[in-house]
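What follows is one structure encoded as structure tokens, with my remarks underneath.
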Amino acid sequence: MSARTREKHILAVDFGSAVVRVAVAAISSGGHIQVFSMGETPTGGAMENGIIQNRRNAQNVFNQAVISALGRTGRKPVSVFASAAFVEKLSLIKEGRVQIRGGVVTSDLLQEARESARQQCIEPAMCCLRSLTAEEWWIDDQRVLNPLGLRGSILRTRLHFAQIPLMAMDNMRAIVESDGFQLEDLVFSPIAAALGCVTDEDRAMGVAVIDLGMKHTGLALYQGSSLRGASDIDLGVDAIVADLMAVTECHEPEARTLLFEYGVAHALDGLTNNPADDGIAFVDDLPFARQQAALSPAVKLRTANREIDRATISEVIAARVDEIFNHILAPLFQEKLQRYALNRGIVLTGGGALIPKIADFVSAKYKIAVRLGRPLEIQGWLPSLQTTAYTPLAGILVHAAHYEKDRADGLLAVGEHGQPESLIAKLARWISHFT
């Protein structure tokens, strides 16, 4: 089998704050993905927003998630592609520029251009996480897909970087490598979510992908096939659950059940009937005694030993959803014309996208089309896992496919996280051409 057609077995790992999800897959050098098995394990608080809270517990969670996936296959890959819900310090778009020495673009010049861009965002104790799939190239101000071997004077690249704590990266790598794996590459969580549910056509037409997770909410914005920005905030579904616990006085499991059973249906009715209403910004401002509350059936709370009407439940949920989306979308809608550039609207994904009627609520609130972002079609993907909660894991697989294709095409001659390839890695890659 030639190097151009051979497959590489990998692990895709989504280090969520609530659950670690793993997929075992084969990636061809042409970018084809074949999923063999999948598994998951709750974190139990062992990690949060990409930060390891307890080394031993986090190691056990990772081990169990991997075993639950590998237990269904005889394969044990070495390479790991991962994502975590890091709350970044900064999200930056930077350009690197180098002179084309000898008149022909080489792989060394590609790396020099990337490094030129990376140097602009280096800060102490921070790691510049590069978004490989957002990489763009120009030769003498002319956009090209693959600059290798082309002639010109100036090579320019445009890259997205997320500044994340270096300690988070080091500890995550230690968790992975202690089990005998190699962390091949790490993808920023909002970008993984976007890669898992939008097409090239979506990106060209303009789309905003919002990943509503348990403890975070991410945004990835695409226009004209380019990544215009990506960010993450430390606010998610758990904040809504906490609000429900405070208002209803019920326990956490029941509050979570209320959230995913009733959602924002009643609040959506009020928003639709009163289009001039600016909405509710804070839980303390909620007008619980609304007319619709009298018409709403009461819900018996088991752990609080009381009843509460469904309209109040929806209002509590809607208030926090409104706050989260105001926060994440504020930079997006600073310019009035920005929303008109989103011809494919907003794609809502992550576990929070399973809240009943949330897509309709956001659409009515912001006057823009909103749809749920379920995983793209991938060979071997389990139909039962075709939900928004698994979209980031699908995105990691798409990222891995881009990575392997770029490496086969000569665009990527680097080791993990953009560091120069070791002599052993170069030797292994050279030998692979003859196997």
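Following the order of the structure tokens, chains are lettered A, B, ..., residues in each are numbered from 1, and ligands are numbered from 1.
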Given only C-alpha atoms, how would the per-residue table for segment 79-111 of chain A near segment 138-156 of chain A read, listing every residue at most 10 Å away with its closest atom pair and distance in Å to one decimal, sorted by chain and number, as a Markdown table?
| residue | atom | partner | partner_atom | distance |
| --- | --- | --- | --- | --- |
| A:Glu95 | CA | A:Arg156 | CA | 6.9 |
| A:Gly96 | CA | A:Arg156 | CA | 5.6 |
| A:Arg97 | CA | A:Arg156 | CA | 4.4 |
| A:Val98 | CA | A:Leu155 | CA | 5.4 |
| A:Gln99 | CA | A:Ile154 | CA | 4.7 |
| A:Ile100 | CA | A:Ser153 | CA | 5.1 |
| A:Arg101 | CA | A:Ser153 | CA | 7.7 |
| A:Gly102 | CA | A:Arg151 | CA | 8.8 |
| A:Gly103 | CA | A:Arg151 | CA | 5.3 |
| A:Val104 | CA | A:Arg151 | CA | 4.5 |
| A:Val105 | CA | A:Gly149 | CA | 5.2 |
| A:Thr106 | CA | A:Leu148 | CA | 5.7 |
| A:Ser107 | CA | A:Leu148 | CA | 6.8 |
| A:Asp108 | CA | A:Leu148 | CA | 10.0 |
| A:Leu109 | CA | A:Leu155 | CA | 7.9 |
| A:Leu110 | CA | A:Leu155 | CA | 8.1 |
Once DSSP has gone over the backbone, tell me which residues of segment 20-176 of chain A are in alpha helix (DSSP H), as a PyMOL selection string. chain A and resi 55-70+107-118+166-176
I want to know what sits within 9 Å of Asp202 of chain A, based on only C-alpha atoms, with residues of the same chain fewer than 4 positions away left out; could you give that as a list in words? Val198, Gly206, Val207, Tyr222, Gln223, Ser225, Asn343 and Arg344 of chain A
Quick one: residues within 8 Å of segment 392-398 of chain A, only C-alpha atoms, excluding same-chain residues fewer than 3 positions away - as a list in words? Ala12, Val13, Asp14, Arg21, Val22, Ala23, Ala25, Ile33, Phe81, Ala82, Ser83, Val187, Ser189, Ile191, Ala192, Ala193, Ala194, Leu195, Gly196, Cys197, Gly350, Pro375, Leu376, Ile378, Ala389, Ala401 and His402 of chain A
Just want the 6 Å neighbourhood of segment 232-245 of chain A, counted on only C-alpha atoms, with same-chain residues fewer than 6 positions away dropped. Output as a PDB file with C-alpha atoms, in the first residue's frame.
ATOM      1  CA  VAL A  87     -11.607  29.447  27.996  1.00  0.00           C
ATOM      2  CA  GLY A 213     -21.816  23.158  26.560  1.00  0.00           C
ATOM      3  CA  MET A 214     -22.273  22.320  30.220  1.00  0.00           C
ATOM      4  CA  LYS A 215     -19.791  24.901  31.529  1.00  0.00           C
ATOM      5  CA  HIS A 216     -18.906  26.942  28.463  1.00  0.00           C
ATOM      6  CA  THR A 217     -20.316  28.501  25.303  1.00  0.00           C
ATOM      7  CA  GLY A 218     -18.182  28.803  22.168  1.00  0.00           C
ATOM      8  CA  ALA A 255     -33.437  20.821  38.015  1.00  0.00           C
ATOM      9  CA  ARG A 256     -31.566  19.297  35.089  1.00  0.00           C
ATOM     10  CA  ILE A 317     -34.418  29.204  31.673  1.00  0.00           C
ATOM     11  CA  ARG A 320     -30.150  32.830  31.531  1.00  0.00           C
ATOM     12  CA  GLY A 352     -27.372  22.768  25.433  1.00  0.00           C
TER      13      GLY A 352
END
Considering only strand (DSSP E or B) as DSSP defines it on the backbone, what residues of segment 114-351 of chain A qualify? List them as number ranges by chain. A: 126-130, 136-139, 142-144, 151, 154-165, 182-188, 207-212, 217-223, 226-233, 298-301, 306-309, 346-349
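Across the structure, atom CA of Arg114 of chain A and atom CA of Leu90 of chain A are spaced 18.1 Å apart.
Of the residues under consideration (A:Val20, A:Ala58, A:Ile27, A:Ala246), A:Val20 shows the shortest atom-to-atom contact distance to Pro42 of chain A when counting only C-alpha atoms.
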8 Å contact set for Phe62 of chain A, only C-alpha atoms, chain neighbours under 5 positions out, as a list in words: Val20, Thr41, Ile175 and Val176 of chain A
Contacts of Val321 of chain A at 12 Å (only C-alpha atoms; same-chain gap of 3+ positions) as a count of residues only: 40
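Of the residues listed (A:Val66, A:Val19, A:Ile10, A:Leu129), A:Val19 shows the shortest atom-to-atom separation from Tyr390 of chain A; distances use only C-alpha atoms.
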